[in-house]
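Everything below belongs to target_4.cif, which stores mmCIF, C-alpha atoms.
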```
data_structure
loop_
_atom_site.label_atom_id
_atom_site.label_comp_id
_atom_site.auth_asym_id
_atom_site.auth_seq_id
_atom_site.Cartn_x
_atom_site.Cartn_y
_atom_site.Cartn_z
CA MET A 1 -171.19 164.36 -70.85
CA GLU A 2 -168.82 162.72 -73.31
CA MET A 3 -168.01 166.10 -74.89
CA GLU A 4 -167.20 167.50 -71.45
CA GLN A 5 -164.80 164.59 -70.72
CA VAL A 6 -163.01 165.06 -74.08
CA ASP A 7 -162.54 168.82 -73.35
CA LYS A 8 -161.06 168.04 -69.91
CA LYS A 9 -158.63 165.51 -71.45
CA SER A 10 -157.56 168.00 -74.15
CA LEU A 11 -157.04 170.73 -71.56
CA ARG A 12 -154.89 168.39 -69.41
CA LEU A 13 -152.80 167.54 -72.47
CA VAL A 14 -152.28 171.24 -73.24
CA TRP A 15 -151.17 171.87 -69.64
CA VAL A 16 -148.77 168.93 -69.80
CA VAL A 17 -147.24 170.28 -73.01
CA VAL A 18 -146.98 173.81 -71.59
CA GLY A 19 -145.47 172.46 -68.36
CA SER A 20 -142.93 170.38 -70.27
CA VAL A 21 -141.88 173.37 -72.36
CA VAL A 22 -141.47 175.54 -69.24
CA VAL A 23 -139.39 172.87 -67.46
CA LEU A 24 -137.26 172.40 -70.59
CA LEU A 25 -136.63 176.14 -70.83
CA MET A 26 -135.69 176.29 -67.15
CA VAL A 27 -133.21 173.41 -67.52
CA LEU A 28 -131.69 175.06 -70.59
CA GLY A 29 -131.46 178.41 -68.80
CA ILE A 30 -129.74 176.96 -65.75
CA THR A 31 -127.31 175.07 -67.98
CA VAL A 32 -126.41 178.24 -69.88
CA LEU A 33 -125.93 180.14 -66.61
CA LEU A 34 -123.67 177.42 -65.23
CA VAL A 35 -121.53 177.33 -68.37
CA VAL A 36 -121.19 181.07 -69.04
CA GLN A 37 -120.98 182.25 -65.37
CA PRO A 38 -121.52 185.93 -66.09
CA TRP A 39 -120.98 186.78 -62.38
CA ASN A 40 -117.27 185.79 -62.78
CA THR A 41 -116.62 188.19 -65.69
CA PRO A 42 -113.92 190.86 -64.85
CA LYS A 43 -115.31 194.31 -64.23
CA SER A 44 -113.27 195.89 -67.02
CA THR A 45 -115.02 193.88 -69.70
CA GLN A 46 -118.32 195.25 -68.49
CA THR A 47 -117.22 198.74 -69.42
CA ALA A 48 -117.49 200.26 -72.82
CA LEU A 49 -113.67 200.52 -73.05
CA PRO A 50 -111.60 198.00 -75.01
CA SER A 51 -109.84 195.51 -72.75
CA SER A 52 -106.46 196.87 -73.87
CA LEU A 53 -107.19 200.05 -71.97
CA SER A 54 -107.96 198.35 -68.68
CA ILE A 55 -106.10 199.92 -65.78
CA THR A 56 -106.33 196.66 -63.86
CA SER A 57 -103.43 195.28 -65.89
CA MET A 58 -100.97 198.15 -65.54
CA LYS A 59 -99.20 200.19 -62.90
CA VAL A 60 -100.72 203.61 -62.53
CA ALA A 61 -98.03 206.19 -61.90
CA THR A 62 -98.60 209.22 -59.72
CA LYS A 63 -98.11 212.83 -60.77
CA GLU A 64 -94.83 212.80 -58.81
CA ASP A 65 -93.67 209.64 -60.62
CA VAL A 66 -94.17 211.40 -63.95
CA GLN A 67 -92.24 214.45 -62.71
CA ASN A 68 -89.34 212.16 -61.75
CA ASP A 69 -89.56 210.42 -65.13
CA LEU A 70 -89.34 213.77 -66.92
CA LYS A 71 -86.32 214.74 -64.82
CA GLY A 72 -84.68 211.44 -65.82
CA VAL A 73 -85.36 212.17 -69.50
CA ASN A 74 -83.87 215.65 -69.10
CA ASP A 75 -80.74 214.32 -67.36
CA SER A 76 -80.16 211.57 -69.90
CA LEU A 77 -80.74 213.95 -72.81
CA LYS A 78 -78.07 216.29 -71.42
CA GLN A 79 -75.73 213.31 -70.92
CA THR A 80 -76.34 212.14 -74.49
CA ILE A 81 -75.63 215.60 -75.90
CA ASN A 82 -72.37 215.82 -73.90
CA ASP A 83 -71.30 212.36 -75.03
CA GLN A 84 -72.03 213.23 -78.65
CA ALA A 85 -69.90 216.36 -78.29
CA ALA A 86 -67.09 214.08 -77.08
CA VAL A 87 -67.47 211.97 -80.24
CA LYS A 88 -67.18 215.10 -82.37
CA ALA A 89 -64.09 216.19 -80.43
CA ALA A 90 -62.49 212.76 -80.92
CA ILE A 91 -63.22 212.82 -84.66
CA ASP A 92 -61.65 216.30 -84.91
CA ASP A 93 -58.71 215.36 -82.68
CA ASN A 94 -56.27 215.39 -85.62
CA LYS A 95 -56.48 219.20 -85.54
CA GLN A 96 -54.89 219.07 -82.08
CA GLN A 97 -52.22 216.52 -83.00
CA ILE A 98 -48.57 217.62 -82.44
CA LYS A 99 -46.40 216.13 -85.18
CA VAL A 100 -43.28 215.04 -83.33
CA GLY A 101 -41.19 214.02 -86.32
CA ASN A 102 -41.40 217.36 -88.15
CA MET B 103 9.01 249.91 -69.97
CA SER B 104 8.34 251.15 -73.50
CA ILE B 105 6.77 249.00 -76.26
CA ALA B 106 9.99 249.30 -78.27
CA SER B 107 11.91 247.53 -75.52
CA ILE B 108 9.83 244.35 -76.15
CA PHE B 109 11.33 244.05 -79.57
CA THR B 110 14.84 244.24 -78.43
CA PRO B 111 16.94 241.43 -79.96
CA SER B 112 17.21 239.59 -76.66
CA LYS B 113 13.41 239.30 -76.34
CA LYS B 114 12.54 238.75 -80.00
CA LEU B 115 12.80 235.00 -79.59
CA TYR B 116 10.28 234.92 -76.75
CA VAL B 117 7.85 237.15 -78.54
CA GLY B 118 8.09 235.00 -81.67
CA MET B 119 7.42 231.85 -79.67
CA ALA B 120 4.43 233.51 -78.04
CA PHE B 121 2.96 234.36 -81.47
CA VAL B 122 3.53 230.80 -82.68
CA LEU B 123 1.74 229.40 -79.61
CA LEU B 124 -1.09 231.83 -80.08
CA SER B 125 -1.47 230.80 -83.70
CA LEU B 126 -1.53 227.13 -82.69
CA VAL B 127 -4.26 227.81 -80.14
CA LEU B 128 -6.31 229.69 -82.72
CA VAL B 129 -5.92 226.91 -85.28
CA ALA B 130 -6.99 224.30 -82.74
CA TYR B 131 -9.96 226.33 -81.52
CA GLY B 132 -11.65 226.55 -84.94
CA PRO B 133 -12.77 222.89 -85.27
CA MET B 134 -13.48 222.67 -81.56
CA ALA B 135 -15.77 225.68 -81.80
CA SER B 136 -17.48 224.23 -84.87
CA TYR B 137 -18.00 220.86 -83.17
CA SER B 138 -19.47 222.46 -80.06
CA GLU B 139 -21.85 224.50 -82.17
CA ALA B 140 -23.08 221.36 -84.03
CA GLN B 141 -23.49 219.54 -80.75
CA ALA B 142 -25.45 222.42 -79.32
CA VAL B 143 -27.79 222.37 -82.33
CA GLN B 144 -28.28 218.61 -81.94
CA ASP B 145 -28.95 218.95 -78.25
CA ALA B 146 -31.48 221.69 -78.89
CA THR B 147 -33.19 219.59 -81.58
CA LEU B 148 -33.27 216.59 -79.24
CA GLN B 149 -34.73 218.65 -76.42
CA LYS B 150 -37.32 220.18 -78.75
CA MET B 151 -38.37 216.75 -80.07
CA LYS B 152 -38.50 215.35 -76.56
CA GLN B 153 -40.71 218.21 -75.44
CA LYS B 154 -43.07 217.81 -78.41
CA ALA B 155 -43.20 214.04 -77.93
CA THR B 156 -43.93 214.44 -74.22
CA ASP B 157 -46.70 216.96 -74.89
CA GLU B 158 -48.29 214.77 -77.56
CA LEU B 159 -48.08 211.57 -75.52
CA ASN B 160 -49.51 213.32 -72.46
CA ARG B 161 -52.33 214.74 -74.60
CA ARG B 162 -53.23 211.31 -76.00
CA THR B 163 -53.09 209.51 -72.65
CA THR B 164 -55.15 212.23 -70.95
CA ASN B 165 -57.87 211.89 -73.61
CA LEU B 166 -57.85 208.09 -73.45
CA LYS B 167 -57.92 208.05 -69.65
CA ALA B 168 -60.96 210.33 -69.69
CA LYS B 169 -62.73 208.00 -72.13
CA LEU B 170 -61.81 204.92 -70.07
CA SER B 171 -63.13 206.58 -66.95
CA GLN B 172 -66.46 207.25 -68.69
CA LEU B 173 -66.71 203.66 -69.91
CA ASN B 174 -66.02 202.37 -66.40
CA ALA B 175 -68.65 204.62 -64.82
CA SER B 176 -71.97 202.83 -64.34
CA GLY B 177 -73.92 206.09 -64.38
CA SER B 178 -76.44 207.44 -61.91
CA ALA B 179 -79.73 205.68 -61.27
CA SER B 180 -81.66 208.10 -63.47
CA LEU B 181 -79.29 207.53 -66.39
CA SER B 182 -79.42 203.71 -66.13
CA LEU B 183 -76.56 202.97 -68.52
CA ALA B 184 -77.04 199.23 -68.54
CA CYS B 185 -75.61 196.83 -71.10
CA ALA B 186 -76.85 193.50 -72.39
CA PRO B 187 -74.81 190.51 -71.20
CA SER B 188 -73.61 188.30 -74.00
CA SER B 189 -74.99 184.81 -74.32
CA THR B 190 -71.73 183.55 -75.77
CA THR B 191 -68.25 183.27 -74.30
CA SER B 192 -66.58 184.23 -77.57
CA PRO B 193 -63.95 186.94 -77.19
CA SER B 194 -65.25 188.69 -80.28
CA PRO B 195 -68.30 190.94 -79.97
CA SER B 196 -71.55 189.07 -80.38
CA PRO B 197 -73.90 190.87 -82.75
CA SER B 198 -77.05 190.43 -80.69
CA VAL B 199 -78.80 193.55 -81.99
CA SER B 200 -80.21 193.59 -85.48
CA PRO B 201 -80.44 196.87 -87.38
CA GLY B 202 -83.84 198.52 -87.35
CA LEU B 203 -85.08 196.66 -84.28
CA SER B 204 -87.54 198.85 -82.39
CA LEU B 205 -89.61 198.79 -79.25
CA SER B 206 -93.02 197.21 -79.71
CA LEU B 207 -96.42 198.31 -78.48
CA SER B 208 -98.39 195.82 -76.41
CA ASN B 209 -101.57 196.77 -74.53
CA ASN B 210 -100.72 200.43 -75.11
CA LYS B 211 -97.34 199.92 -73.40
CA LEU B 212 -93.98 200.22 -75.11
CA THR B 213 -92.20 196.95 -74.40
CA GLY B 214 -88.74 195.51 -75.03
CA SER B 215 -85.31 196.97 -74.48
CA ILE B 216 -82.41 197.94 -76.72
CA LEU B 217 -79.03 197.70 -75.03
CA LEU B 218 -75.41 197.77 -76.06
CA PRO B 219 -73.80 194.32 -75.69
CA CYS B 220 -71.51 194.31 -72.63
CA THR B 221 -68.78 192.61 -74.69
CA ILE B 222 -68.33 195.77 -76.78
CA LYS B 223 -67.73 197.89 -73.70
CA ASP B 224 -65.38 195.30 -72.23
CA GLN B 225 -63.32 195.11 -75.41
CA MET B 226 -63.10 198.88 -75.68
CA LYS B 227 -61.88 199.06 -72.09
CA GLN B 228 -59.17 196.44 -72.75
CA VAL B 229 -57.94 198.12 -75.93
CA THR B 230 -57.91 201.54 -74.29
CA GLN B 231 -56.07 200.36 -71.19
CA LYS B 232 -53.47 198.59 -73.33
CA THR B 233 -53.03 201.69 -75.49
CA ILE B 234 -52.57 203.87 -72.40
CA ASP B 235 -49.96 201.43 -71.05
CA GLU B 236 -48.04 201.51 -74.33
CA LEU B 237 -48.13 205.29 -74.57
CA THR B 238 -46.88 205.52 -70.98
CA THR B 239 -43.99 203.15 -71.80
CA LEU B 240 -43.22 205.25 -74.86
CA LEU B 241 -43.18 208.37 -72.69
CA GLY B 242 -40.60 206.74 -70.42
CA LYS B 243 -38.42 205.99 -73.45
CA VAL B 244 -38.70 209.56 -74.66
CA GLN B 245 -37.56 210.89 -71.31
CA SER B 246 -34.57 208.54 -71.05
CA THR B 247 -33.34 208.95 -74.63
CA THR B 248 -30.06 210.87 -75.06
CA SER B 249 -29.46 210.13 -78.73
CA LEU B 250 -31.06 212.20 -81.46
CA SER B 251 -31.21 209.25 -83.86
CA ASP B 252 -33.07 207.12 -81.27
CA MET B 253 -35.40 210.01 -80.62
CA GLN B 254 -36.08 210.36 -84.34
CA ASN B 255 -37.14 206.68 -84.49
CA ILE B 256 -39.38 207.11 -81.47
CA ALA B 257 -40.87 210.21 -83.07
CA LYS B 258 -41.70 208.23 -86.22
CA ASN B 259 -43.39 205.59 -84.06
CA ILE B 260 -45.45 208.20 -82.21
CA ASP B 261 -46.58 209.84 -85.44
CA ALA B 262 -47.28 206.52 -87.17
CA GLN B 263 -49.56 205.14 -84.44
CA TYR B 264 -51.59 208.34 -84.14
CA GLY B 265 -54.36 206.93 -86.36
CA LEU B 266 -54.67 203.88 -84.15
CA ASN B 267 -54.77 205.98 -80.99
CA GLN B 268 -57.35 208.33 -82.48
CA LEU B 269 -59.51 205.43 -83.63
CA SER B 270 -59.43 203.98 -80.14
CA GLN B 271 -60.53 207.33 -78.74
CA VAL B 272 -63.34 207.72 -81.31
CA GLN B 273 -64.56 204.17 -80.64
CA ASP B 274 -64.65 204.80 -76.90
CA ALA B 275 -66.54 208.06 -77.34
CA THR B 276 -69.02 206.49 -79.78
CA THR B 277 -69.58 203.50 -77.50
CA GLN B 278 -70.26 205.85 -74.62
CA ALA B 279 -72.60 208.02 -76.70
CA ILE B 280 -74.61 204.99 -77.83
CA SER B 281 -74.73 203.74 -74.26
CA SER B 282 -76.16 207.03 -73.01
CA SER B 283 -78.63 207.00 -75.94
CA THR B 284 -79.96 203.65 -74.73
CA GLY B 285 -80.35 205.22 -71.26
CA LEU B 286 -82.27 208.11 -72.82
CA LEU B 287 -84.49 205.66 -74.72
CA ASN B 288 -85.19 203.73 -71.52
CA ASN B 289 -86.21 206.92 -69.71
CA LEU B 290 -88.47 208.00 -72.60
CA GLN B 291 -90.07 204.54 -72.59
CA THR B 292 -90.73 204.65 -68.84
CA THR B 293 -92.20 208.15 -69.04
CA PHE B 294 -94.43 207.17 -71.97
CA ASN B 295 -95.75 204.09 -70.17
CA ASP B 296 -96.39 205.99 -66.94
CA ILE B 297 -98.28 208.77 -68.71
CA GLN B 298 -100.20 206.19 -70.74
CA GLY B 299 -101.26 204.55 -67.47
CA ARG B 300 -102.60 207.88 -66.19
CA VAL B 301 -104.46 208.56 -69.45
CA THR B 302 -106.03 205.10 -69.29
CA LEU B 303 -107.00 205.66 -65.66
CA ALA B 304 -108.62 208.99 -66.52
CA LYS B 305 -110.54 207.52 -69.44
CA GLU B 306 -111.76 204.53 -67.47
CA CYS B 307 -112.80 206.59 -64.47
CA LEU B 308 -114.50 209.26 -66.59
CA THR B 309 -116.34 206.64 -68.65
CA SER B 310 -117.51 204.13 -66.12
CA GLY B 311 -115.76 204.50 -62.80
CA SER B 312 -117.71 205.30 -59.69
CA GLY B 313 -116.90 206.00 -56.08
CA THR B 314 -113.36 206.41 -54.94
CA SER B 315 -111.98 203.25 -56.39
CA ALA B 316 -112.59 201.99 -59.87
CA SER B 317 -109.91 199.40 -59.72
CA SER B 318 -106.70 198.46 -57.97
CA ASP B 319 -103.13 199.12 -58.86
CA THR B 320 -101.96 195.55 -59.23
CA SER B 321 -98.26 196.36 -58.85
CA SER B 322 -98.52 198.04 -55.47
CA GLY B 323 -101.99 197.08 -54.31
CA ALA B 324 -102.85 200.72 -53.68
CA PRO B 325 -106.41 201.72 -54.57
CA VAL B 326 -106.74 203.90 -57.64
CA ASN B 327 -108.49 207.12 -56.79
CA CYS B 328 -111.12 207.83 -59.41
CA ASP B 329 -112.30 210.97 -57.63
CA ALA B 330 -108.95 212.63 -58.37
CA ALA B 331 -109.00 211.47 -62.00
CA LYS B 332 -112.51 212.89 -62.41
CA THR B 333 -111.22 216.38 -61.58
CA LEU B 334 -109.32 216.45 -64.88
CA SER B 335 -110.28 219.71 -66.54
CA ASN B 336 -112.44 219.19 -69.67
CA GLY B 337 -112.68 215.54 -68.62
CA LEU B 338 -112.87 212.99 -71.40
CA ASP B 339 -111.94 215.50 -74.11
CA THR B 340 -108.60 216.15 -72.40
CA ALA B 341 -108.00 212.44 -71.89
CA ASN B 342 -108.78 211.66 -75.54
CA GLY B 343 -106.55 214.53 -76.69
CA ALA B 344 -103.74 213.20 -74.51
CA GLN B 345 -104.22 209.72 -75.97
CA SER B 346 -103.91 211.15 -79.46
CA GLN B 347 -100.68 213.00 -78.60
CA LEU B 348 -99.28 209.85 -77.04
CA GLY B 349 -99.69 208.20 -80.44
CA VAL B 350 -97.31 210.79 -81.91
CA VAL B 351 -94.79 210.32 -79.06
CA GLN B 352 -94.98 206.56 -79.51
CA THR B 353 -93.96 206.88 -83.18
CA VAL B 354 -91.06 209.17 -82.25
CA ILE B 355 -89.80 206.81 -79.53
CA GLN B 356 -90.05 203.79 -81.80
CA THR B 357 -88.09 205.65 -84.50
CA ILE B 358 -85.41 206.55 -81.94
CA SER B 359 -85.19 202.91 -80.85
CA SER B 360 -84.80 201.82 -84.46
CA ILE B 361 -81.96 204.30 -85.06
CA ILE B 362 -80.17 203.21 -81.87
CA SER B 363 -80.38 199.53 -82.76
CA SER B 364 -78.96 200.31 -86.21
CA ALA B 365 -76.14 202.32 -84.63
CA ILE B 366 -75.36 199.43 -82.26
CA ALA B 367 -75.26 196.94 -85.13
CA PHE B 368 -72.99 199.30 -87.09
CA LEU B 369 -70.73 199.79 -84.05
CA ILE B 370 -70.40 196.02 -83.62
CA SER B 371 -69.27 195.60 -87.23
CA LEU B 372 -66.77 198.48 -86.91
CA VAL B 373 -65.33 197.10 -83.68
CA THR B 374 -64.90 193.74 -85.43
CA SER B 375 -62.99 195.51 -88.21
CA PHE B 376 -60.88 197.35 -85.64
CA MET B 377 -59.97 194.10 -83.93
CA GLY B 378 -59.06 192.81 -87.39
CA ILE B 379 -56.62 195.70 -87.80
CA LEU B 380 -55.08 194.95 -84.42
CA SER B 381 -54.62 191.29 -85.30
CA GLY B 382 -53.16 192.50 -88.63
CA LEU B 383 -50.37 194.14 -86.66
CA GLY B 384 -49.09 190.63 -86.14
CA GLY B 385 -49.25 187.80 -83.65
CA GLY B 386 -52.93 187.98 -82.83
CA SER B 387 -56.12 186.36 -83.90
CA LEU B 388 -59.36 188.24 -84.61
CA GLY B 389 -60.75 189.48 -81.37
CA SER B 390 -57.41 189.58 -79.59
CA LEU B 391 -55.34 192.69 -79.10
CA GLY B 392 -52.75 191.53 -81.65
CA SER B 393 -49.35 193.06 -81.01
CA LEU B 394 -50.87 196.23 -79.62
CA GLY B 395 -48.84 195.46 -76.52
CA SER B 396 -45.54 195.86 -78.38
CA LEU B 397 -46.21 199.10 -80.22
CA SER B 398 -44.00 201.06 -77.85
CA SER B 399 -41.04 198.84 -78.81
CA LEU B 400 -41.56 199.37 -82.52
CA LEU B 401 -38.56 201.40 -83.63
CA ASN B 402 -39.10 200.84 -87.35
CA PRO B 403 -42.71 201.82 -87.82
CA SER B 404 -42.80 201.50 -91.61
CA SER B 405 -44.95 198.35 -91.38
CA LEU B 406 -47.34 200.13 -89.04
CA THR B 407 -47.60 203.04 -91.45
CA GLY B 408 -48.40 200.56 -94.20
CA ILE B 409 -51.30 199.03 -92.30
CA LEU B 410 -52.71 202.17 -90.81
CA GLY B 411 -52.22 204.30 -93.89
CA SER B 412 -53.96 202.00 -96.32
CA ALA B 413 -57.36 203.05 -97.55
CA GLY B 414 -60.27 201.19 -96.01
CA SER B 415 -58.53 200.59 -92.71
CA VAL B 416 -58.20 203.31 -90.11
CA GLY B 417 -59.30 206.13 -92.40
CA GLY B 418 -62.30 204.15 -93.60
CA LEU B 419 -63.33 203.26 -90.06
CA LEU B 420 -63.10 206.90 -89.00
CA THR B 421 -65.44 207.85 -91.84
CA SER B 422 -67.88 205.15 -90.71
CA PHE B 423 -67.79 206.45 -87.15
CA THR B 424 -68.64 209.88 -88.52
CA SER B 425 -71.80 208.31 -90.02
CA ILE B 426 -72.79 206.89 -86.63
CA PHE B 427 -72.19 210.32 -85.12
CA SER B 428 -74.63 211.84 -87.64
CA GLU B 429 -77.27 209.22 -86.80
CA LEU B 430 -76.90 209.93 -83.08
CA GLY B 431 -77.38 213.64 -83.80
CA ASN B 432 -80.85 212.84 -85.18
CA ILE B 433 -81.71 211.04 -81.95
CA THR B 434 -81.16 214.06 -79.73
CA GLY B 435 -83.37 216.23 -81.95
CA MET B 436 -86.22 213.74 -81.87
CA ALA B 437 -85.77 213.02 -78.17
CA GLY B 438 -86.00 216.76 -77.50
CA ASN B 439 -89.38 216.86 -79.30
CA ALA B 440 -90.62 213.78 -77.42
CA GLN B 441 -89.48 215.34 -74.15
CA GLY B 442 -91.47 218.51 -74.92
CA LEU B 443 -94.64 216.55 -75.77
CA LEU B 444 -94.33 214.33 -72.69
CA GLY B 445 -93.78 217.40 -70.52
CA ASN B 446 -96.99 218.94 -71.87
CA LEU B 447 -98.91 215.72 -71.26
CA GLY B 448 -97.54 215.49 -67.72
CA GLY B 449 -98.85 219.01 -67.12
CA MET B 450 -102.24 218.27 -68.72
CA LEU B 451 -102.88 215.26 -66.49
CA ASN B 452 -102.59 217.32 -63.34
CA PHE B 453 -104.63 215.16 -60.95
#
```

When written as structure tokens, how does the structure in this file appear?
Amino acid sequence: MEMEQVDKKSLRLVWVVVGSVVVLLMVLGITVLLVVQPWNTPKSTQTALPSSLSITSMKVATKEDVQNDLKGVNDSLKQTINDQAAVKAAIDDNKQQIKVGN
Amino acid sequence: MSIASIFTPSKKLYVGMAFVLLSLVLVAYGPMASYSEAQAVQDATLQKMKQKATDELNRRTTNLKAKLSQLNASGSASLSLACAPSSTTSPSPSPSVSPGLSLSLSNNKLTGSILLPCTIKDQMKQVTQKTIDELTTLLGKVQSTTSLSDMQNIAKNIDAQYGLNQLSQVQDATTQAISSSTGLLNNLQTTFNDIQGRVTLAKECLTSGSGTSASSDTSSGAPVNCDAAKTLSNGLDTANGAQSQLGVVQTVIQTISSIISSAIAFLISLVTSFMGILSGLGGGSLGSLGSLGSLSSLLNPSSLTGILGSAGSVGGLLTSFTSIFSELGNITGMAGNAQGLLGNLGGMLNF
């Protein structure tokens, strides 16, 4: 009888320890979840791409935008070439000079 | 009446007097004829000098007016020839651009801007307008001059200030060329960033995006269509190849920006030297127009010749401007390559 009572007491103690450990783990888990808040993480960081490549932080141009950009580059390149030709002409202007005193 | 009857004794006296009068007329005509001939030569020389002076002055003013008109033009929207306002109120140009400064890369975007200080443009406009005014005044003097000696003095003045006029023209042209180079750089930067955005979109959609919207375009709020990006031929390989080529373009654009900032810094120092020459003409401090406004009244231009003819002044500055011109020539070559690469990338990302 006494042996049976001792076994029951030991078993209760084991269950108390196991229960305490489980409760402790649950408290720890909830705390970690509250602190880290993984559900608030931006979608881009969930991808395999580095954050620097995220399209959420930059304007995405259309195909037509790029065509307009390229036209702008072409126009300004032509303008630059013309303006540089004008510099050359100004540097060589002494060839056109009319000497009045001679 | 026969000829012999003229020499009859009664008429001999009259005939003799007629010969004496004729001789007197001939004697008097000699110097008069010589004087008229000398006067005619002088008049012809004066007219020739006046014509040459008029042609030269018109040529210079036409060139300077064209340059002034370019500097005053703001440019079309696509050329975006902006300038950087100065933070100081100093009349002298503020060197706000350091040599070698280049655009920086942040989050795969080229950021920053390299612009010509507005003060440089403003000063060039003032100098050019003043020079045009003086040349116009000089033209008026040429047209009203009737004395050859006065015309010779004016001619010396016109010839002596040629270097100054040419330098003004070269500075205007160089300022304009650098200004349009900054516009070109700005357009290259915009194109690079826009194509980079499309490459990033393609990579993100092809890697992890699903449905029709992987994310939102934060600048306009329009949904980004991943379905279109997923139609990119050869998918991720094409996107990765485009990213690699963008790395090359980025280096080219940054090199261009570095050259332009060096050219701007060089231009600022040359303009400062030019203003020093103007103040050296007398009566002006550095940064002012000196006595540029009295050049047309200068009838003894020996002092001007001394200043402008000395080594290291106008001649030296012209040589320096030639160096800037060479640097700018490198820009157009590199920009042409960048344009070709960006054009290819634009075609590759056809979604």

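For range 91-98 of chain A, the list of residues within 7 Å, based on all atoms listed in the file and with local chain neighbours fewer than 2 positions off taken out, reads Val87, Lys88, Ala89 and Val100 of chain A; Lys154, Glu158 and Val272 of chain B.
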
Open item on the list: Quick check, in Å to one decimal: how far apart do CA of Asp339 in chain B and CA of Asn439 in chain B lie?
Closed with: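 The value is 23.2 Å.
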
Name all residues at most 12 Å from Asp65 in chain A (count only C-alpha atoms; drop same-chain ones fewer than 3 positions away) and give them as a PDB file with C-alpha atoms, keeping the file's coordinate frame.
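Written out: result.pdb:
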```pdb
ATOM      1  CA  LYS A  59     -99.200 200.190 -62.900  1.00  0.00           C
ATOM      2  CA  VAL A  60    -100.720 203.610 -62.530  1.00  0.00           C
ATOM      3  CA  ALA A  61     -98.030 206.190 -61.900  1.00  0.00           C
ATOM      4  CA  THR A  62     -98.600 209.220 -59.720  1.00  0.00           C
ATOM      5  CA  ASN A  68     -89.340 212.160 -61.750  1.00  0.00           C
ATOM      6  CA  ASP A  69     -89.560 210.420 -65.130  1.00  0.00           C
ATOM      7  CA  LEU A  70     -89.340 213.770 -66.920  1.00  0.00           C
ATOM      8  CA  LYS A  71     -86.320 214.740 -64.820  1.00  0.00           C
ATOM      9  CA  GLY A  72     -84.680 211.440 -65.820  1.00  0.00           C
TER      10      GLY A  72
ATOM     11  CA  THR B 292     -90.730 204.650 -68.840  1.00  0.00           C
ATOM     12  CA  THR B 293     -92.200 208.150 -69.040  1.00  0.00           C
ATOM     13  CA  PHE B 294     -94.430 207.170 -71.970  1.00  0.00           C
ATOM     14  CA  ASN B 295     -95.750 204.090 -70.170  1.00  0.00           C
ATOM     15  CA  ASP B 296     -96.390 205.990 -66.940  1.00  0.00           C
ATOM     16  CA  ILE B 297     -98.280 208.770 -68.710  1.00  0.00           C
ATOM     17  CA  GLY B 299    -101.260 204.550 -67.470  1.00  0.00           C
ATOM     18  CA  ARG B 300    -102.600 207.880 -66.190  1.00  0.00           C
ATOM     19  CA  GLY B 448     -97.540 215.490 -67.720  1.00  0.00           C
TER      20      GLY B 448
END
```

- [ ] Just give me the gap between CA of Ile362 in chain B and CA of Gly418 in chain B in Å, one decimal is fine.
- [x]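 Taking CA of Ile362 in chain B as the start and CA of Gly418 in chain B as the end point, the length is 21.4 Å.
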
Task: For chain A, the nearest of the candidates B:Lys167, B:Lys223, B:Lys211, B:Lys113, counting only C-alpha atoms - done: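 Among the listed residues, B:Lys211 lies closest to chain A.
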
Open item on the list: Restricting the calculation to all atoms listed in the file: of B:Leu338, B:Leu269, B:Val117, B:Leu380, which residue gets closest to chain A?
Closed with: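 Closest residue, counting all atoms listed in the file: B:Leu269.
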
Task: Spatial neighbours of Gln84 in chain A, max dist 9 Å, all atoms listed in the file, sep filter under 3 positions, as a ChimeraX atom specification - done: /A:79-81,87-89 /B:275-276,278-280,427,430-431

Save out the residues we just selected, C-alpha atoms, as an mmCIF file, in the coordinates of the input.
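So the final result, stored in again10.cif, reads:
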```
data_model
loop_
_atom_site.group_PDB
_atom_site.id
_atom_site.type_symbol
_atom_site.label_atom_id
_atom_site.label_comp_id
_atom_site.auth_asym_id
_atom_site.auth_seq_id
_atom_site.Cartn_x
_atom_site.Cartn_y
_atom_site.Cartn_z
ATOM 1 C CA GLN A 79 -75.730 213.310 -70.920
ATOM 2 C CA THR A 80 -76.340 212.140 -74.490
ATOM 3 C CA ILE A 81 -75.630 215.600 -75.900
ATOM 4 C CA VAL A 87 -67.470 211.970 -80.240
ATOM 5 C CA LYS A 88 -67.180 215.100 -82.370
ATOM 6 C CA ALA A 89 -64.090 216.190 -80.430
ATOM 7 C CA ALA B 275 -66.540 208.060 -77.340
ATOM 8 C CA THR B 276 -69.020 206.490 -79.780
ATOM 9 C CA GLN B 278 -70.260 205.850 -74.620
ATOM 10 C CA ALA B 279 -72.600 208.020 -76.700
ATOM 11 C CA ILE B 280 -74.610 204.990 -77.830
ATOM 12 C CA PHE B 427 -72.190 210.320 -85.120
ATOM 13 C CA LEU B 430 -76.900 209.930 -83.080
ATOM 14 C CA GLY B 431 -77.380 213.640 -83.800
#
```

Task: Of the listed residues B:Thr424, B:Ala304, B:Ala344, B:Ser204, that which approaches Met450 in chain B most closely, counting all atoms listed in the file - done: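 Comparing B:Thr424, B:Ala304, B:Ala344, B:Ser204 against Met450 in chain B, the winner is B:Ala344.
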
Task: Minimum-distance residue to chain B, chosen among A:Ala85, A:Leu11, A:Asn102, A:Val73 (using all atoms listed in the file) - done: A:Val73

Task: Output of the PyMOL selection byres ((chain B and resi 244) around 8), listed as a count of residues only - done: 12

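For the set B:Ser206, B:Asn259, B:Gln144, B:Gln153, the residue with the smallest atom-to-atom gap to Ile355 in chain B is B:Ser206, counting only C-alpha atoms.
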